[in-house]
file upload24.csv (CSV, C-alpha atoms)
chain,number,residue,atom,x,y,z
W,1421,MET,CA,-3.6,22.2,13.5
W,1422,ILE,CA,-3.2,20.8,10.0
W,1423,SER,CA,0.1,22.6,9.5
W,1424,LEU,CA,1.3,21.3,12.9
W,1425,PHE,CA,0.4,17.7,11.9
W,1426,ARG,CA,2.1,18.2,8.6
W,1427,PHE,CA,5.2,19.6,10.3
W,1428,SER,CA,5.3,16.7,12.8
W,1429,TRP,CA,5.3,13.8,10.4
W,1430,ARG,CA,7.7,15.6,8.1
W,1431,ALA,CA,10.0,16.4,11.0
W,1432,VAL,CA,10.1,12.8,12.1
W,1433,ALA,CA,10.8,11.7,8.5
W,1434,LEU,CA,13.6,14.4,8.2
W,1435,ILE,CA,15.2,13.1,11.4
W,1436,VAL,CA,15.2,9.6,10.0
W,1437,TRP,CA,16.7,11.0,6.8
W,1438,ILE,CA,19.4,12.8,8.7
W,1439,VAL,CA,20.3,9.7,10.7
W,1440,ILE,CA,20.6,7.7,7.4
W,1441,GLY,CA,22.6,10.5,5.9
W,1442,LEU,CA,25.0,10.7,8.8
W,1443,PHE,CA,25.5,6.9,8.7
W,1444,SER,CA,26.1,7.0,5.0
W,1445,VAL,CA,28.6,9.8,5.1
W,1446,GLY,CA,30.5,8.3,8.1
W,1447,LEU,CA,30.5,4.6,7.2
W,1448,VAL,CA,29.1,3.9,3.7
W,1449,PHE,CA,30.7,6.7,1.5
W,1450,PRO,CA,34.3,5.8,2.5
W,1451,VAL,CA,33.9,2.3,1.0
W,1452,LEU,CA,31.8,3.2,-2.1
W,1453,ARG,CA,33.3,3.9,-5.5
W,1454,PRO,CA,32.7,7.4,-6.9
W,1455,GLY,CA,29.8,6.1,-9.1
W,1456,GLY,CA,28.1,4.6,-6.1
W,1457,ARG,CA,28.4,7.8,-4.0
W,1458,ARG,CA,27.0,9.8,-6.9
W,1459,ILE,CA,23.9,7.5,-7.1
W,1460,MET,CA,23.4,7.6,-3.4
W,1461,VAL,CA,23.6,11.4,-3.3
W,1462,LEU,CA,21.1,11.6,-6.1
W,1463,LEU,CA,18.6,9.3,-4.4
W,1464,MET,CA,19.0,10.9,-0.9
W,1465,SER,CA,18.4,14.3,-2.4
W,1466,ARG,CA,15.3,13.1,-4.2
W,1467,LEU,CA,14.1,11.5,-1.0
W,1468,LEU,CA,14.6,14.8,0.9
W,1469,MET,CA,12.5,16.6,-1.7
W,1470,ARG,CA,9.7,14.1,-1.0
W,1471,ILE,CA,10.0,14.6,2.7
W,1472,CYS,CA,9.9,18.4,2.5
W,1473,GLY,CA,7.0,18.3,0.1
W,1474,VAL,CA,8.9,20.1,-2.6
W,1475,ARG,CA,8.3,19.4,-6.2
W,1476,VAL,CA,11.3,20.0,-8.5
W,1477,ILE,CA,10.2,21.0,-12.0
W,1478,GLU,CA,13.0,20.9,-14.6
W,1479,HIS,CA,13.0,23.2,-17.6
W,1480,GLY,CA,15.6,22.8,-20.3
W,1481,GLN,CA,18.2,20.1,-20.5
W,1482,ALA,CA,20.9,19.7,-17.8
W,1483,VAL,CA,24.4,18.6,-19.0
W,1484,GLN,CA,24.6,15.1,-17.6
W,1485,ASP,CA,27.4,13.3,-19.5
W,1486,ARG,CA,30.5,15.4,-18.9
W,1487,ALA,CA,32.3,18.0,-16.8
W,1488,VAL,CA,30.3,21.2,-16.5
W,1489,LEU,CA,30.2,24.3,-14.2
W,1490,TYR,CA,26.6,25.0,-13.1
W,1491,VAL,CA,26.2,28.6,-12.0
W,1492,SER,CA,23.0,29.5,-10.2
W,1493,ASN,CA,21.2,32.1,-8.1
W,1494,HIS,CA,21.1,31.2,-4.4
W,1495,VAL,CA,17.9,31.3,-2.3
W,1496,SER,CA,18.1,28.6,0.4
W,1497,TRP,CA,20.1,25.8,2.0
W,1498,LEU,CA,17.8,23.6,0.0
W,1499,ASP,CA,19.3,24.7,-3.3
W,1500,ILE,CA,22.2,22.2,-3.0
W,1501,PHE,CA,19.8,19.3,-2.6
W,1502,VAL,CA,17.5,20.6,-5.4
W,1503,ILE,CA,20.3,20.5,-7.9
W,1504,ASN,CA,21.7,17.2,-6.5
W,1505,SER,CA,18.3,15.7,-7.2
W,1506,VAL,CA,18.9,16.3,-10.9
W,1507,ARG,CA,22.6,15.5,-11.1
W,1508,CYS,CA,25.1,14.7,-8.4
W,1509,THR,CA,27.1,17.9,-8.1
W,1510,SER,CA,30.2,19.1,-6.1
W,1511,PHE,CA,29.4,22.5,-4.8
W,1512,ILE,CA,31.5,25.5,-4.0
W,1513,ALA,CA,30.1,27.1,-0.8
W,1514,LYS,CA,31.2,29.6,1.8
W,1515,SER,CA,32.7,28.1,4.9
W,1516,ASP,CA,29.8,29.3,7.1
W,1517,ILE,CA,27.7,26.4,5.7
W,1518,ARG,CA,30.2,23.9,7.0
W,1519,ARG,CA,29.2,25.1,10.5
W,1520,TRP,CA,25.5,24.7,10.1
W,1521,PRO,CA,24.1,22.0,12.5
W,1522,VAL,CA,24.0,18.6,10.8
W,1523,ILE,CA,23.3,19.9,7.3
W,1524,GLY,CA,26.8,21.3,7.1
W,1525,TRP,CA,28.3,17.9,7.7
W,1526,LEU,CA,26.0,16.2,5.3
W,1527,VAL,CA,26.8,18.6,2.4
W,1528,ALA,CA,30.5,18.3,3.2
W,1529,GLY,CA,30.2,14.5,3.0
W,1530,ALA,CA,28.4,14.9,-0.4
W,1531,GLY,CA,31.5,16.5,-1.8
W,1532,THR,CA,31.0,20.2,-1.2
W,1533,VAL,CA,34.1,22.3,-1.3
W,1534,PHE,CA,34.2,25.2,1.2
W,1535,ILE,CA,35.9,28.5,0.6
W,1536,GLU,CA,37.3,30.5,3.5
W,1537,ARG,CA,36.6,34.1,2.4
W,1538,GLY,CA,39.3,36.5,3.4
W,1539,GLN,CA,42.2,34.0,3.2
W,1540,ARG,CA,44.8,35.1,0.6
W,1541,ARG,CA,45.1,31.7,-1.1
W,1542,ALA,CA,41.5,30.6,-0.8
W,1543,ILE,CA,40.6,31.1,-4.5
W,1544,GLN,CA,43.7,29.2,-5.6
W,1545,ILE,CA,43.0,26.3,-3.3
W,1546,VAL,CA,39.4,26.0,-4.3
W,1547,SER,CA,40.3,26.4,-8.0
W,1548,GLN,CA,42.6,23.4,-7.6
W,1549,GLN,CA,39.9,21.3,-6.1
W,1550,MET,CA,37.5,22.3,-8.9
W,1551,ALA,CA,40.1,21.3,-11.4
W,1552,THR,CA,40.3,17.8,-9.8
W,1553,CYS,CA,36.5,17.5,-10.1
W,1554,PHE,CA,36.5,18.6,-13.8
W,1555,GLU,CA,39.2,16.1,-14.6
W,1556,ARG,CA,37.0,13.3,-13.3
W,1557,GLY,CA,34.2,14.5,-15.6
W,1558,ASP,CA,32.1,15.8,-12.6
W,1559,ALA,CA,29.6,18.6,-12.4
W,1560,VAL,CA,30.6,21.5,-10.1
W,1561,GLY,CA,28.0,23.9,-8.8
W,1562,LEU,CA,28.7,27.6,-8.0
W,1563,PHE,CA,26.5,30.3,-6.4
W,1564,PRO,CA,28.4,33.3,-7.7
W,1565,GLU,CA,26.3,35.8,-5.8
W,1566,GLY,CA,28.2,34.8,-2.8
W,1567,THR,CA,25.2,34.7,-0.5
W,1568,THR,CA,21.5,33.9,-0.5
W,1569,SER,CA,18.8,36.3,-1.7
W,1570,THR,CA,15.0,36.4,-1.6
W,1571,GLY,CA,15.0,34.9,-5.1
W,1572,LEU,CA,13.1,37.8,-6.6
W,1573,ASP,CA,16.3,39.3,-8.2
W,1574,VAL,CA,19.9,38.4,-8.8
W,1575,ARG,CA,22.9,40.0,-7.1
W,1576,PRO,CA,26.0,40.7,-9.2
W,1577,PHE,CA,28.1,37.6,-9.9
W,1578,HIS,CA,31.7,37.3,-8.5
W,1579,ALA,CA,33.8,36.2,-11.4
W,1580,SER,CA,37.0,34.7,-9.7
W,1581,LEU,CA,35.9,31.1,-9.5
W,1582,PHE,CA,34.9,31.0,-13.2
W,1583,GLU,CA,38.6,30.9,-14.0
W,1584,ALA,CA,39.0,27.2,-13.2
W,1585,ALA,CA,36.4,26.2,-15.8
W,1586,ILE,CA,37.8,28.6,-18.4
W,1587,THR,CA,41.4,27.4,-17.9
W,1588,LEU,CA,40.3,23.7,-18.3
W,1589,SER,CA,38.0,24.5,-21.3
W,1590,VAL,CA,34.9,23.3,-19.4
W,1591,ASP,CA,31.5,24.5,-20.6
W,1592,ILE,CA,29.4,26.6,-18.2
W,1593,GLN,CA,25.6,26.2,-17.8
W,1594,PRO,CA,23.7,29.0,-16.1
W,1595,MET,CA,20.7,27.9,-13.9
W,1596,ALA,CA,17.8,29.8,-12.4
W,1597,LEU,CA,16.0,28.5,-9.3
W,1598,VAL,CA,12.4,29.9,-8.9
W,1599,PHE,CA,10.5,29.1,-5.7
W,1600,GLU,CA,6.7,29.0,-5.8
W,1601,GLN,CA,3.9,28.1,-3.5
W,1602,ALA,CA,0.5,27.1,-5.0
W,1603,GLY,CA,1.7,28.3,-8.4
W,1604,GLN,CA,2.7,31.8,-7.2
W,1605,ARG,CA,6.3,33.2,-6.8
W,1606,SER,CA,7.2,33.2,-3.1
W,1607,GLU,CA,10.1,34.4,-1.0
W,1608,ARG,CA,8.8,32.6,2.2
W,1609,PHE,CA,11.4,29.9,1.8
W,1610,ALA,CA,14.4,32.1,1.2
W,1611,PHE,CA,17.1,31.7,3.9
W,1612,VAL,CA,18.0,35.3,4.4
W,1613,GLY,CA,18.6,37.9,7.1
W,1614,GLU,CA,18.7,36.9,10.7
W,1615,GLN,CA,16.4,33.9,10.3
W,1616,SER,CA,17.8,30.7,11.9
W,1617,LEU,CA,18.1,27.5,10.1
W,1618,VAL,CA,15.6,25.8,12.4
W,1619,ALA,CA,13.1,28.6,11.8
W,1620,ASN,CA,13.5,28.2,8.0
W,1621,ILE,CA,13.0,24.5,8.2
W,1622,TRP,CA,9.9,25.0,10.3
W,1623,VAL,CA,8.5,27.2,7.5
W,1624,LEU,CA,9.3,24.7,4.8
W,1625,LEU,CA,8.0,21.6,6.6
W,1626,SER,CA,4.8,23.3,7.6
W,1627,ALA,CA,4.0,24.5,4.0
W,1628,ARG,CA,2.2,22.7,1.2
W,1629,ASN,CA,2.2,23.1,-2.6
W,1630,VAL,CA,5.8,24.1,-2.7
W,1631,SER,CA,7.7,23.8,-6.0
W,1632,VAL,CA,11.1,24.8,-7.2
W,1633,HIS,CA,11.4,25.5,-10.9
W,1634,CYS,CA,14.9,24.5,-12.0
W,1635,HIS,CA,15.7,26.2,-15.3
W,1636,PHE,CA,18.8,24.9,-17.1
W,1637,LEU,CA,19.7,27.7,-19.5
W,1638,ASP,CA,21.7,28.0,-22.7
W,1639,LEU,CA,25.2,26.5,-22.4
W,1640,ILE,CA,28.1,28.9,-22.6
W,1641,PRO,CA,30.7,27.0,-24.6
W,1642,ALA,CA,34.2,26.8,-23.3
W,1643,GLN,CA,35.5,28.6,-26.4
W,1644,SER,CA,33.3,31.6,-25.8
W,1645,CYS,CA,34.3,31.7,-22.2
W,1646,SER,CA,38.0,31.7,-23.2
W,1647,GLU,CA,37.4,34.6,-25.7
W,1648,TRP,CA,35.4,36.7,-23.2
W,1649,GLY,CA,37.4,36.1,-20.0
W,1650,ARG,CA,36.0,35.5,-16.6
W,1651,SER,CA,34.4,38.9,-16.0
W,1652,GLN,CA,32.4,39.0,-19.2
W,1653,THR,CA,31.5,35.3,-18.9
W,1654,ALA,CA,30.1,35.9,-15.4
W,1655,GLN,CA,28.1,38.9,-16.6
W,1656,ARG,CA,26.7,36.9,-19.6
W,1657,ALA,CA,25.7,34.1,-17.2
W,1658,ARG,CA,24.0,36.5,-14.8
W,1659,GLU,CA,22.1,38.1,-17.6
W,1660,GLN,CA,20.7,34.7,-18.6
W,1661,VAL,CA,19.7,33.9,-14.9
W,1662,ARG,CA,18.2,37.3,-14.3
W,1663,ALA,CA,16.1,37.1,-17.5
W,1664,VAL,CA,14.3,34.2,-15.8
W,1665,ILE,CA,14.2,35.5,-12.2
W,1666,CYS,CA,12.8,38.9,-13.1
W,1667,PRO,CA,11.6,38.8,-16.7
W,1668,ASP,CA,9.9,42.1,-16.5
W,1669,ALA,CA,13.1,43.9,-15.6
W,1670,ALA,CA,15.9,45.0,-17.8
W,1671,VAL,CA,18.6,42.3,-18.0
W,1672,SER,CA,21.4,44.8,-17.8
W,1673,GLU,CA,22.3,46.6,-14.5
W,1674,PRO,CA,19.9,49.4,-13.6
call {"tool": "encode", "arguments": {"input": "upload24.csv", "output": "structure tokens"}}
result
Amino acid sequence: MISLFRFSWRAVALIVWIVIGLFSVGLVFPVLRPGGRRIMVLLMSRLLMRICGVRVIEHGQAVQDRAVLYVSNHVSWLDIFVINSVRCTSFIAKSDIRRWPVIGWLVAGAGTVFIERGQRRAIQIVSQQMATCFERGDAVGLFPEGTTSTGLDVRPFHASLFEAAITLSVDIQPMALVFEQAGQRSERFAFVGEQSLVANIWVLLSARNVSVHCHFLDLIPAQSCSEWGRSQTAQRAREQVRAVICPDAAVSEP
């Protein structure tokens, strides 16, 4: 009964948030300057965390004052908003997310760039869009696993989209997202398998004591990335992330 009550008031608040978000994307964002849009995305993401009862705990120092490529493990649809609650970030995401009900439109309006996997020129097109973001001094977020996981390990990183940052001499900052409930690691909130978006939202809104530890790891300088190339850079970034996600395991591939 308590969880049902918790879900009910959070669901109402989420609906109000969605209405405000749709209104903002459709009518407010087009007339705002980039700085105003960034502030609005930041505030709306922080509000969503409050509505969902999620505490975001930052570790380390996020690059805030210049262009950077954030590369992170990927657990949930919530990841985009978790990171946006720290710094407004333009994400690279698979085109499937664009088709998610409501949330797909909201993340698109917030500046997400969608990649059509399987198209011959997809990487080139997205790299050009990333370059535009970097030239503005923006942060770009990448989930190089290519899909979500339970959050208890890290899949191999795809290296192709690291190239835009390397070409433009942009630093790369690995990130690790760790989901917990009541202080214990949890995979309850991972959006994986055949679970629907609605079912995943139900689980999240019904829960209490949820936190996401957002670890901003050691910066990989642009010069090192240039020397290593994209494959080795992707591997180094994954090693940093995996050392946080599964510290008891060997960092290298089994």
call {"tool": "residues_around", "arguments": {"input": "upload24.csv", "residues": "W:Val1664", "least_positions_apart": "3", "cutoff": "9 Å", "atoms": "only C-alpha atoms", "output": "list in words"}}
result
Ala1596, Leu1597, Val1598, His1635, Glu1659, Gln1660, Val1661 and Pro1667 of chain W
call {"tool": "write_last_selection", "arguments": {"input": "upload24.csv", "atoms": "C-alpha atoms", "output": "JSON list (two decimals), in the coordinates of the input"}}
result
[["chain", "number", "residue", "atom", "x", "y", "z"],
["W", 1596, "ALA", "CA", 17.80, 29.80, -12.40],
["W", 1597, "LEU", "CA", 16.00, 28.50, -9.30],
["W", 1598, "VAL", "CA", 12.40, 29.90, -8.90],
["W", 1635, "HIS", "CA", 15.70, 26.20, -15.30],
["W", 1659, "GLU", "CA", 22.10, 38.10, -17.60],
["W", 1660, "GLN", "CA", 20.70, 34.70, -18.60],
["W", 1661, "VAL", "CA", 19.70, 33.90, -14.90],
["W", 1667, "PRO", "CA", 11.60, 38.80, -16.70]]
call {"tool": "residues_around", "arguments": {"input": "upload24.csv", "residues": "W:Asp1485", "least_positions_apart": "2", "cutoff": "12 Å", "atoms": "all atoms listed in the file", "output": "ChimeraX atom specification"}}
result
/W:1481-1483,1487-1488,1507-1508,1554,1556-1559,1591
call {"tool": "closest_atom_pairs", "arguments": {"input": "upload24.csv", "of": "stretch 1435-1531 of chain W", "to": "stretch 1422-1426 of chain W", "cutoff": "12 Å", "atoms": "only C-alpha atoms", "output": "tab-separated table"}}
result
residue	atom	partner	partner_atom	distance
W:Ile1471	CA	W:Arg1426	CA	10.5
W:Cys1472	CA	W:Arg1426	CA	9.9
W:Gly1473	CA	W:Arg1426	CA	9.8
call {"tool": "closest_residue", "arguments": {"input": "upload24.csv", "among": "W:Gln1548, W:Pro1521, W:Phe1582, W:Glu1565", "to": "W:Trp1648", "atoms": "only C-alpha atoms"}}
result
W:Phe1582
call {"tool": "atom_distance", "arguments": {"input": "upload24.csv", "atom1": "atom CA of W:Gly1529", "atom2": "atom CA of W:Ile1545"}}
result
18.5 Å
call {"tool": "residues_around", "arguments": {"input": "upload24.csv", "residues": "stretch 1510-1513 of chain W", "least_positions_apart": "4", "cutoff": "8 Å", "atoms": "only C-alpha atoms", "output": "list in words"}}
result
Ile1500, Ile1517, Ala1530, Gly1531, Thr1532, Val1533, Phe1534, Ile1535, Val1546, Cys1553, Asp1558, Ala1559, Val1560, Gly1561, Leu1562 and Phe1563 of chain W
call {"tool": "write_last_selection", "arguments": {"input": "upload24.csv", "atoms": "C-alpha atoms", "output": "short mmCIF file (atom, residue, chain, number, x, y, z; two decimals), in the coordinates of the input"}}
result
data_model
loop_
_atom_site.label_atom_id
_atom_site.label_comp_id
_atom_site.auth_asym_id
_atom_site.auth_seq_id
_atom_site.Cartn_x
_atom_site.Cartn_y
_atom_site.Cartn_z
CA ILE W 1500 22.20 22.20 -3.00
CA ILE W 1517 27.70 26.40 5.70
CA ALA W 1530 28.40 14.90 -0.40
CA GLY W 1531 31.50 16.50 -1.80
CA THR W 1532 31.00 20.20 -1.20
CA VAL W 1533 34.10 22.30 -1.30
CA PHE W 1534 34.20 25.20 1.20
CA ILE W 1535 35.90 28.50 0.60
CA VAL W 1546 39.40 26.00 -4.30
CA CYS W 1553 36.50 17.50 -10.10
CA ASP W 1558 32.10 15.80 -12.60
CA ALA W 1559 29.60 18.60 -12.40
CA VAL W 1560 30.60 21.50 -10.10
CA GLY W 1561 28.00 23.90 -8.80
CA LEU W 1562 28.70 27.60 -8.00
CA PHE W 1563 26.50 30.30 -6.40
#
call {"tool": "residues_near_point", "arguments": {"input": "upload24.csv", "point": "(30.1, 7.2, 3.0)", "cutoff": "10 Å", "atoms": "all atoms listed in the file", "output": "NGL selection string"}}
result
:W and (1441-1453 or 1456-1457 or 1460-1461 or 1529-1530)
call {"tool": "atom_distance", "arguments": {"input": "upload24.csv", "atom1": "atom CA of W:Phe1636", "atom2": "atom CA of W:Val1502"}}
result
12.5 Å
call {"tool": "axis_aligned_box", "arguments": {"input": "upload24.csv", "around": "stretch 1594-1603 of chain W", "padding_each_side": "3 Å", "output": "JSON"}}
result
{"center_x": 12.1, "center_y": 28.5, "center_z": -9.8, "size_x": 29.2, "size_y": 8.8, "size_z": 18.6}
call {"tool": "atom_distance", "arguments": {"input": "upload24.csv", "atom1": "atom CA of W:Trp1622", "atom2": "atom CA of W:Val1474"}}
result
13.8 Å
call {"tool": "closest_residue", "arguments": {"input": "upload24.csv", "among": "W:His1633, W:Arg1605, W:Arg1628, W:Arg1541", "to": "W:Glu1478", "atoms": "all atoms listed in the file"}}
result
W:His1633
call {"tool": "residues_around", "arguments": {"input": "upload24.csv", "residues": "stretch 1638-1645 of chain W", "least_positions_apart": "5", "cutoff": "7 Å", "atoms": "only C-alpha atoms", "output": "PyMOL selection string"}}
result
chain W and resi 1586+1589-1594+1650+1653
call {"tool": "closest_residue", "arguments": {"input": "upload24.csv", "among": "W:Val1632, W:Leu1637, W:Leu1624, W:Leu1462", "to": "W:Arg1662", "atoms": "only C-alpha atoms"}}
result
W:Leu1637
call {"tool": "closest_residue", "arguments": {"input": "upload24.csv", "among": "W:Met1595, W:Ile1477, W:Val1491, W:Leu1572", "to": "W:Ala1610", "atoms": "all atoms listed in the file"}}
result
W:Leu1572
call {"tool": "closest_residue", "arguments": {"input": "upload24.csv", "among": "W:Ile1459, W:Ile1621, W:Phe1611, W:Arg1470", "to": "W:Ala1433", "atoms": "all atoms listed in the file"}}
result
W:Arg1470
call {"tool": "closest_residue", "arguments": {"input": "upload24.csv", "among": "W:Gly1524, W:Gly1455, W:Gly1613, W:Gly1603", "to": "W:Val1630", "atoms": "only C-alpha atoms"}}
result
W:Gly1603
call {"tool": "decode", "arguments": {"input": "upload24.csv", "residues": "stretch 1560-1590 of chain W", "atoms": "N, CA and C atoms", "output": "PDB file, in the first residue's frame"}}
result
ATOM      1  N   VAL W1560      29.794  16.537 -24.666  1.00  0.00           N
ATOM      2  CA  VAL W1560      29.099  15.493 -25.424  1.00  0.00           C
ATOM      3  C   VAL W1560      29.187  14.204 -24.620  1.00  0.00           C
ATOM      4  N   GLY W1561      28.080  13.502 -24.511  1.00  0.00           N
ATOM      5  CA  GLY W1561      28.047  12.253 -23.762  1.00  0.00           C
ATOM      6  C   GLY W1561      27.913  11.053 -24.686  1.00  0.00           C
ATOM      7  N   LEU W1562      28.683  10.022 -24.406  1.00  0.00           N
ATOM      8  CA  LEU W1562      28.691   8.822 -25.243  1.00  0.00           C
ATOM      9  C   LEU W1562      28.597   7.588 -24.354  1.00  0.00           C
ATOM     10  N   PHE W1563      27.729   6.652 -24.745  1.00  0.00           N
ATOM     11  CA  PHE W1563      27.638   5.352 -24.080  1.00  0.00           C
ATOM     12  C   PHE W1563      28.247   4.322 -25.034  1.00  0.00           C
ATOM     13  N   PRO W1564      29.556   4.122 -24.968  1.00  0.00           N
ATOM     14  CA  PRO W1564      30.225   3.328 -26.002  1.00  0.00           C
ATOM     15  C   PRO W1564      29.972   1.827 -25.926  1.00  0.00           C
ATOM     16  N   GLU W1565      29.268   1.353 -24.889  1.00  0.00           N
ATOM     17  CA  GLU W1565      28.861  -0.054 -24.894  1.00  0.00           C
ATOM     18  C   GLU W1565      27.846  -0.314 -26.001  1.00  0.00           C
ATOM     19  N   GLY W1566      27.096   0.715 -26.372  1.00  0.00           N
ATOM     20  CA  GLY W1566      26.133   0.583 -27.453  1.00  0.00           C
ATOM     21  C   GLY W1566      24.768   0.113 -27.018  1.00  0.00           C
ATOM     22  N   THR W1567      24.637  -0.307 -25.759  1.00  0.00           N
ATOM     23  CA  THR W1567      23.356  -0.760 -25.229  1.00  0.00           C
ATOM     24  C   THR W1567      23.423  -0.725 -23.711  1.00  0.00           C
ATOM     25  N   THR W1568      22.286  -0.939 -23.059  1.00  0.00           N
ATOM     26  CA  THR W1568      22.273  -0.940 -21.598  1.00  0.00           C
ATOM     27  C   THR W1568      22.714  -2.299 -21.055  1.00  0.00           C
ATOM     28  N   SER W1569      23.137  -2.281 -19.786  1.00  0.00           N
ATOM     29  CA  SER W1569      23.523  -3.514 -19.098  1.00  0.00           C
ATOM     30  C   SER W1569      22.955  -3.466 -17.685  1.00  0.00           C
ATOM     31  N   THR W1570      23.200  -4.505 -16.913  1.00  0.00           N
ATOM     32  CA  THR W1570      22.707  -4.541 -15.535  1.00  0.00           C
ATOM     33  C   THR W1570      23.438  -3.560 -14.634  1.00  0.00           C
ATOM     34  N   GLY W1571      24.561  -3.047 -15.104  1.00  0.00           N
ATOM     35  CA  GLY W1571      25.348  -2.122 -14.298  1.00  0.00           C
ATOM     36  C   GLY W1571      26.333  -2.811 -13.377  1.00  0.00           C
ATOM     37  N   LEU W1572      26.412  -4.144 -13.451  1.00  0.00           N
ATOM     38  CA  LEU W1572      27.333  -4.896 -12.596  1.00  0.00           C
ATOM     39  C   LEU W1572      28.638  -5.242 -13.307  1.00  0.00           C
ATOM     40  N   ASP W1573      28.710  -4.963 -14.589  1.00  0.00           N
ATOM     41  CA  ASP W1573      29.945  -5.135 -15.358  1.00  0.00           C
ATOM     42  C   ASP W1573      29.882  -4.163 -16.527  1.00  0.00           C
ATOM     43  N   VAL W1574      30.916  -4.125 -17.327  1.00  0.00           N
ATOM     44  CA  VAL W1574      30.998  -3.177 -18.433  1.00  0.00           C
ATOM     45  C   VAL W1574      31.291  -3.947 -19.715  1.00  0.00           C
ATOM     46  N   ARG W1575      30.447  -3.776 -20.714  1.00  0.00           N
ATOM     47  CA  ARG W1575      30.672  -4.413 -22.000  1.00  0.00           C
ATOM     48  C   ARG W1575      31.852  -3.742 -22.715  1.00  0.00           C
ATOM     49  N   PRO W1576      32.402  -4.403 -23.740  1.00  0.00           N
ATOM     50  CA  PRO W1576      33.459  -3.750 -24.538  1.00  0.00           C
ATOM     51  C   PRO W1576      32.971  -2.433 -25.133  1.00  0.00           C
ATOM     52  N   PHE W1577      33.875  -1.470 -25.243  1.00  0.00           N
ATOM     53  CA  PHE W1577      33.544  -0.160 -25.798  1.00  0.00           C
ATOM     54  C   PHE W1577      33.747  -0.161 -27.314  1.00  0.00           C
ATOM     55  N   HIS W1578      32.768   0.383 -28.038  1.00  0.00           N
ATOM     56  CA  HIS W1578      32.944   0.636 -29.469  1.00  0.00           C
ATOM     57  C   HIS W1578      33.762   1.918 -29.620  1.00  0.00           C
ATOM     58  N   ALA W1579      34.760   1.890 -30.479  1.00  0.00           N
ATOM     59  CA  ALA W1579      35.734   2.982 -30.525  1.00  0.00           C
ATOM     60  C   ALA W1579      35.455   4.029 -31.596  1.00  0.00           C
ATOM     61  N   SER W1580      34.553   3.764 -32.543  1.00  0.00           N
ATOM     62  CA  SER W1580      34.440   4.620 -33.730  1.00  0.00           C
ATOM     63  C   SER W1580      34.124   6.075 -33.398  1.00  0.00           C
ATOM     64  N   LEU W1581      33.248   6.324 -32.421  1.00  0.00           N
ATOM     65  CA  LEU W1581      32.834   7.696 -32.135  1.00  0.00           C
ATOM     66  C   LEU W1581      33.815   8.447 -31.233  1.00  0.00           C
ATOM     67  N   PHE W1582      34.903   7.799 -30.844  1.00  0.00           N
ATOM     68  CA  PHE W1582      35.971   8.509 -30.148  1.00  0.00           C
ATOM     69  C   PHE W1582      36.749   9.402 -31.127  1.00  0.00           C
ATOM     70  N   GLU W1583      36.635   9.085 -32.415  1.00  0.00           N
ATOM     71  CA  GLU W1583      37.459   9.754 -33.424  1.00  0.00           C
ATOM     72  C   GLU W1583      37.227  11.256 -33.480  1.00  0.00           C
ATOM     73  N   ALA W1584      35.953  11.689 -33.321  1.00  0.00           N
ATOM     74  CA  ALA W1584      35.660  13.121 -33.420  1.00  0.00           C
ATOM     75  C   ALA W1584      36.400  13.909 -32.349  1.00  0.00           C
ATOM     76  N   ALA W1585      36.420  13.386 -31.117  1.00  0.00           N
ATOM     77  CA  ALA W1585      37.130  14.063 -30.030  1.00  0.00           C
ATOM     78  C   ALA W1585      38.634  14.076 -30.286  1.00  0.00           C
ATOM     79  N   ILE W1586      39.163  12.967 -30.784  1.00  0.00           N
ATOM     80  CA  ILE W1586      40.607  12.880 -31.046  1.00  0.00           C
ATOM     81  C   ILE W1586      41.007  13.854 -32.153  1.00  0.00           C
ATOM     82  N   THR W1587      40.205  13.903 -33.210  1.00  0.00           N
ATOM     83  CA  THR W1587      40.513  14.787 -34.339  1.00  0.00           C
ATOM     84  C   THR W1587      40.535  16.253 -33.924  1.00  0.00           C
ATOM     85  N   LEU W1588      39.624  16.648 -33.025  1.00  0.00           N
ATOM     86  CA  LEU W1588      39.518  18.046 -32.610  1.00  0.00           C
ATOM     87  C   LEU W1588      40.294  18.348 -31.329  1.00  0.00           C
ATOM     88  N   SER W1589      41.105  17.393 -30.887  1.00  0.00           N
ATOM     89  CA  SER W1589      41.942  17.579 -29.684  1.00  0.00           C
ATOM     90  C   SER W1589      41.097  17.933 -28.464  1.00  0.00           C
ATOM     91  N   VAL W1590      40.021  17.168 -28.265  1.00  0.00           N
ATOM     92  CA  VAL W1590      39.140  17.356 -27.111  1.00  0.00           C
ATOM     93  C   VAL W1590      39.469  16.295 -26.062  1.00  0.00           C
TER      94      VAL W1590
END
